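Here's the structure, in structure tokens; my notes come after.
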Amino acid sequence: MTVCTPTRRTTSRSRFQRPHSPPGGGRRIRIAGADLSASISVFLIALPLSLGIALATGAPLQAGLVAAAVGGIVAGRLGGAPLQVSGPAAGLTVVTAELIQRYGWRTTCAITVLAGLAQLGLAALRVARSALAVSPAIVHGMLAGIGVTIALAQLHIVLGGTPQSSAVDNVLGLPAQLADLHPAALTISALTVAVLLLWPRLPGRAGRMLRTIPAALAAVAAATAVAALAGIGLPRVDLPSWRGHALPELPEGPVLGLLAAVLTITLVGSVESLLSAVAVDKLVAARTAHATSPSPPVPRARLDRELAGQGAANALSGALGGLPVTGVAVRSAANVSAGAVSRNAAILHGVWVVLAALFLVPVLDLIPLASLAALVTVVGVQMVNITHLRSVHRNREMLVYAATLTAVVLTGVLEGVVIGIAVAVAVALHRLTRTRITVEETEYGHRVRARGQLTFLAVPRLSRVLHQVPHDSPCVVELDGSFMDHAAYEALHDWQASHGGEVEMTGPSGARITEPPSESHACCRPWTPWRNHHCGEHPSDETRRTTGHQLASGIGKFQRNTAPLVRDELARLAREGQRPSQLFLTCADSRLVTSMITSSGPGDLFTVRNVGNLVPLPGEESGDDSVAAAIEYAVEVLRVQSITVCGHSGCGAMQALLGSGAEGPPSPSTPLWRWLRHGLPSLERMSSRRHAWARISGRLPADAVEQLCLTNVVQQLEHLRAYEPVARRLAEGTLTLHGMYFHVGEAQAYLLADTDAPNRYEDVFDRVPPMALGGTLHSMPGGALAEARAS
């Protein structure tokens with residue numbers, strides 16, 4: 001089915017007049033088939049999870065169904081993220097459970113209504129973007145702390161007991177609970193966990209068919225069937241009549257406590273929903289990039305509208321006696337992967353929940369509570385996300401993460417977040433005041449390295465270290481931080497003006513950040529905005545009218561500003577011909593500016609660019625001999641001294657290969673897929689147990705895409721060795737091979753260690769310090785690689 005709109009009747013009347021309705025009155029609404037199937041998939045996931053979350057909070061089980069239905073229909077219709085699915089979320093489980101224990105269920109519903117109204121107010125103030133300013137370490141720590149708290153509480157139900165009121169009490173009560181196990185509850189719980197974990201790994205064609213059923217539904221259904229057939233006596237879901245459903249009442253309790261409760265639900269629910277909406281945008285973009293056939297475009301999330309939709313859903317859910325509502329990443333990811341194309345999928349999933357709540361009560365009453373508790377326990381454990389943990393560790397935020405997690409478990413969500421923010425501020429202040437400044441002597445002169453933020457507090461140490469550099473010695477000052485105040489700036493430049501030797505100041509990636517006054521054109525400095533070598537100048541309206549082409553405007557700037565500076569050098573190259581010392585083979589990605597990242601100029605690099613920096617094996621060119629011809633010309637005619645294969649982060653070709661799987665692209669008939677098949681050996685190498693994964697500067701790659709980007713560089717170097725001219729020159733010792741990886745976001749280059757030793761146990765890419773190369777990559781001396789790794 002496809003989405004259609006009523007056909008408008010051509011008329012001379014005003015264009016604002018409503019078109020005629022079809023017979024029967026009202027507008028005809030059609031739902032896309034992808035939305036229909038996606039809504040069913042999400043519904044099958046949401047149904048058991050909603051009941052499980054209601055069980056974990058201590059709320060009436062029907063409250064979970066109310067929240068799922070309202071979140072799907074209201075937030076789905078009014079929200080700003082079309083493919084986000086909302087409902088009761090694990091992130092608010094601990095908060096809601098505490099409120100129910102303190103104020104009772106009906107007051108908790110009233111607090112949910114007030115939190116929804118508060119979200120509507122925040123949306124009206126357009127502050128949604130500011131919620132994303134919270135440190136990811138705090139958010140991930142909060143979610144991990146909530147997950148630990150949930151798991152500890154539900155573990156008691158899994159073992160056949162009753163959870164305590166706090167995480168500490170649950171830990172202290174575990175020994176007694178383990179001493180008094182209930183075999184029936186433990187058996188059903190173990191079965192649920194086993195099915196939940198093994199379901200996605202079912203092999204074969206039958207496994208692929210069964211995996212279309214969500215793992216959560218399969219696990220709960222299997223446990224329910226076993227309990228019913230075996231006649232196991234266990235507490236089960238008990239959905240009372242809707243006539244006795246509890247609705248909110250006027251809140252009773254201390255005003256400050258109620259305000260804190262409303263604030264907690266508002267902030268936690270808003271941040272979780274907005275972060276989920278941003279994540280959904282990324283999933284949609286990745287799906288679009290890997291799509292083999294065109295699909296309807298999905299608008300990006302409008303965060304203020306999404307916050308308003310969440311507010312309306314919370315207000316209505318609380319008014320109807322439901323749990324608090326947030327955007328749920330798990331259901332949203334399932335919605336995107338199931339192929340949803342519009343908000344109709346989320347709305348329909350809410351409709352299915354309503355129908356189930358009305359007509360499937362006898363079936364739902366068969367579900368053992370132990371099975372739901374096991375399901376929620378696994379969800380809680382999975383909230384301690386290993387990928388997030390690695391990201392936090394890589395960015396040196398583990399203290400903030402651990403403090404937030406611990407505080408949430410011991411004190412509560414709002415208190416834990418406040419403590420996490422306090423620790424984050426303390427860490428930032430500590431880094432601001434603890435700047436490491438060192439000096440060392442190198443074969444090039446001296447190097448002063450400042451790690452951290454340069455503020456007035458670091459000026460005395462900076463001046464003391466700078467004056468340890470001999471007066472006439474060349475010196476590189478490497479600033480490894482992102483901030484320098486005026487006091488530090490003045491100290492550096494006063495010393496530079498009085499120092500007799502040559503001074504160069506560089507940033508973290510080796511880019512020159514300041515130079516002594518010279519006749520060189522300021523706009524050619526690498527640190528300035530890269531705008532056609534003429535910074536800050538925008539094309540005039542007259543230029544636009546004359547050329548009508550942005551590239552022509554850039555060429556005009558080159559002729560006016562850059563050509564006079566390079567004309568003599570180009571004239572010399574025109575007379576003498578090209579003599580590049582290196583063949584540089586890299587990706588066609590527009591973010592990879594080879595001359596910029598290698599500090600090279602005309603005549604330095606013989607460059608070959610293609611999609612994915614691929615080197616087809618000899619005899620597998622598939623009608624495209626351009627790469628093989630370039631290799632032969634560079635090695636045999638130009639007699640280059642080295643060949644570098646350079647990959648980069650976020651490579652679209654590697655993402656496409658990773659999406660295609662080891663079986664290869666689904667449709668090799670297109671030119672792109674015919675070319676990308678040369679990258680399949682890299683994918684097989686990454687998947688093979690015969691090779692260790694590549695590492696980057698002592699750490700594991702951030703994700704599978706980065707791993708494939710690194711592995712691809714190693715694999716293409718092996719392909720190069722299969723070319724007869726390359727093999728011969730390598731045997732003669734007149735040619736060397738280098739692997740290089742450029743991280744776009746970090747503006748940092750990494751070199752592959754020991755590229756002359758194929759089939760090593762481990763491939764390591766080491767960061768290139770600015771002083772190690774001492775200039776351009778093409779002019780690197782023979783031992784510079786080893787020196788770069790040693791430093």
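Residues are named by chain letter and number: chains run A, B, ... in the order of the structure tokens, numbers start at 1 in each chain, and ligands are numbered from 1 in the order shown.
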
**Request:** Might you pull out every residue within 6 Å of range 488-494 of chain A, with only C-alpha atoms counted and same-chain residues fewer than 4 positions away left off, and present them as a ChimeraX atom specification?
**Result:** /A:455-456,459

Those same residues, written as a short mmCIF file (atom, residue, chain, number, x, y, z; two decimals), in the first residue's frame with N, CA and C atoms?
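What ended up in result27.cif:
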data_model
loop_
_atom_site.label_atom_id
_atom_site.label_comp_id
_atom_site.auth_asym_id
_atom_site.auth_seq_id
_atom_site.Cartn_x
_atom_site.Cartn_y
_atom_site.Cartn_z
N THR A 455 46.33 28.67 30.64
CA THR A 455 45.71 29.84 31.25
C THR A 455 46.77 30.59 32.04
N PHE A 456 46.37 31.70 32.66
CA PHE A 456 47.30 32.50 33.45
C PHE A 456 47.91 31.68 34.59
N VAL A 459 51.20 30.19 33.38
CA VAL A 459 52.22 31.07 32.83
C VAL A 459 53.56 30.94 33.56
#

**Prompt:** Which polymer residues have any atom within 9 Å of an atom of Thr594 in chain A, counting only C-alpha atoms, with same-chain residues fewer than 6 positions away left out, as an NGL selection string?
**Reply:** :A and (584 or 586 or 600 or 605 or 607)

**Prompt:** Looking at only C-alpha atoms, which of A:Trp495, A:Phe43, A:Trp673, A:Tyr401 is the one that sits closest to Val139 in chain A?
**Reply:** A:Tyr401

Determine, for each residue of range 188-295 of chain A having at least one atom at most 10 Å from an atom of range 126-130 of chain A, the closest pair of atoms and their separation in Å to one decimal, counting only C-alpha atoms; order by chain and ascending number, as a tab-separated table.
residue	atom	partner	partner_atom	distance
A:Ser270	CA	A:Ala128	CA	8.2
A:Val271	CA	A:Ala128	CA	8.6
A:Leu274	CA	A:Ala128	CA	7.5

**Surrounding residues of Leu638 in chain A excluding itself and chain neighbours under 5 positions, 10 Å, only C-alpha atoms, as a list in words** = Gln578, Arg579, Pro580, Ser581, Gln582, Leu583, Phe606, Ile631, Glu632 and Tyr633 of chain A

Those same residues, written as a PDB file, in the first residue's frame with N, CA, C and O atoms?
ATOM      1  N   GLN A 578      58.054  16.254 -13.848  1.00  0.00           N
ATOM      2  CA  GLN A 578      57.726  15.826 -12.488  1.00  0.00           C
ATOM      3  C   GLN A 578      58.675  14.743 -12.004  1.00  0.00           C
ATOM      4  O   GLN A 578      59.056  13.853 -12.752  1.00  0.00           O
ATOM      5  N   ARG A 579      59.053  14.861 -10.734  1.00  0.00           N
ATOM      6  CA  ARG A 579      59.911  13.855 -10.103  1.00  0.00           C
ATOM      7  C   ARG A 579      59.377  13.555  -8.698  1.00  0.00           C
ATOM      8  O   ARG A 579      60.072  13.784  -7.708  1.00  0.00           O
ATOM      9  N   PRO A 580      58.171  13.047  -8.609  1.00  0.00           N
ATOM     10  CA  PRO A 580      57.629  12.755  -7.266  1.00  0.00           C
ATOM     11  C   PRO A 580      58.394  11.612  -6.622  1.00  0.00           C
ATOM     12  O   PRO A 580      58.848  10.692  -7.297  1.00  0.00           O
ATOM     13  N   SER A 581      58.516  11.687  -5.315  1.00  0.00           N
ATOM     14  CA  SER A 581      59.219  10.628  -4.592  1.00  0.00           C
ATOM     15  C   SER A 581      58.262   9.574  -4.063  1.00  0.00           C
ATOM     16  O   SER A 581      58.695   8.544  -3.568  1.00  0.00           O
ATOM     17  N   GLN A 582      56.950   9.839  -4.157  1.00  0.00           N
ATOM     18  CA  GLN A 582      56.004   8.918  -3.544  1.00  0.00           C
ATOM     19  C   GLN A 582      54.732   8.804  -4.366  1.00  0.00           C
ATOM     20  O   GLN A 582      54.223   9.799  -4.894  1.00  0.00           O
ATOM     21  N   LEU A 583      54.240   7.565  -4.446  1.00  0.00           N
ATOM     22  CA  LEU A 583      52.903   7.305  -4.962  1.00  0.00           C
ATOM     23  C   LEU A 583      51.962   7.289  -3.757  1.00  0.00           C
ATOM     24  O   LEU A 583      52.163   6.523  -2.811  1.00  0.00           O
ATOM     25  N   PHE A 606      52.607  11.724  -6.421  1.00  0.00           N
ATOM     26  CA  PHE A 606      51.884  11.179  -7.564  1.00  0.00           C
ATOM     27  C   PHE A 606      50.648  10.501  -6.975  1.00  0.00           C
ATOM     28  O   PHE A 606      50.730   9.452  -6.351  1.00  0.00           O
ATOM     29  N   ILE A 631      50.134   2.420 -10.937  1.00  0.00           N
ATOM     30  CA  ILE A 631      51.195   1.741 -10.187  1.00  0.00           C
ATOM     31  C   ILE A 631      52.390   1.464 -11.085  1.00  0.00           C
ATOM     32  O   ILE A 631      53.546   1.715 -10.724  1.00  0.00           O
ATOM     33  N   GLU A 632      52.123   0.938 -12.291  1.00  0.00           N
ATOM     34  CA  GLU A 632      53.216   0.633 -13.218  1.00  0.00           C
ATOM     35  C   GLU A 632      53.978   1.898 -13.607  1.00  0.00           C
ATOM     36  O   GLU A 632      55.220   1.907 -13.618  1.00  0.00           O
ATOM     37  N   TYR A 633      53.247   2.976 -13.890  1.00  0.00           N
ATOM     38  CA  TYR A 633      53.897   4.227 -14.310  1.00  0.00           C
ATOM     39  C   TYR A 633      54.731   4.815 -13.177  1.00  0.00           C
ATOM     40  O   TYR A 633      55.860   5.277 -13.381  1.00  0.00           O
TER      41      TYR A 633
END

**Item:** For range 709-726 of chain A: contacts at 7 Å, only C-alpha atoms, fewer than 3 positions along chain excluded, given as number ranges by chain
**Value:** A: 614-618, 632, 635-636, 645-649, 651, 654, 682, 686, 694, 705-706, 729-730, 739, 741

Just C-alpha atoms for this one: save the residues we selected as a short mmCIF file (atom, residue, chain, number, x, y, z; two decimals), in the first residue's frame.
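Contents of the output file selection15.cif:
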data_model
loop_
_atom_site.label_atom_id
_atom_site.label_comp_id
_atom_site.auth_asym_id
_atom_site.auth_seq_id
_atom_site.Cartn_x
_atom_site.Cartn_y
_atom_site.Cartn_z
CA LEU A 614 41.25 -0.01 -3.32
CA VAL A 615 44.04 -1.79 -5.23
CA PRO A 616 42.57 -4.56 -7.42
CA LEU A 617 44.69 -7.70 -7.58
CA PRO A 618 46.49 -8.16 -10.90
CA GLU A 632 53.22 0.63 -13.22
CA VAL A 635 57.16 2.41 -10.10
CA GLU A 636 58.70 1.80 -13.54
CA VAL A 645 47.99 3.58 0.98
CA CYS A 646 45.90 6.03 3.01
CA GLY A 647 42.51 5.15 4.45
CA HIS A 648 40.33 7.42 6.56
CA SER A 649 37.62 7.40 9.21
CA CYS A 651 34.69 5.84 4.77
CA MET A 654 33.69 0.60 3.94
CA SER A 682 39.32 -6.72 3.40
CA MET A 686 38.42 -8.65 9.25
CA ALA A 694 44.26 -3.85 13.80
CA VAL A 705 33.51 0.63 10.38
CA GLU A 706 36.79 1.94 11.78
CA ARG A 729 61.61 -3.15 -6.42
CA LEU A 730 60.84 -4.36 -2.89
CA GLY A 739 50.10 2.29 5.45
CA TYR A 741 45.09 6.19 8.39
#

**Prompt:** Which residue, A:Ser595, A:Thr644, A:Ser687, A:Thr266, has the smallest gap to Gln707 in chain A when you use only C-alpha atoms?
**Reply:**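 Closest to Gln707 in chain A of all the choices is A:Ser687.
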
**Prompt:** Quick one, how far is CA of Leu683 in chain A from CA of Val336 in chain A?
**Reply:**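 Value for the CA of Leu683 in chain A-CA of Val336 in chain A distance: 25.1 Å.
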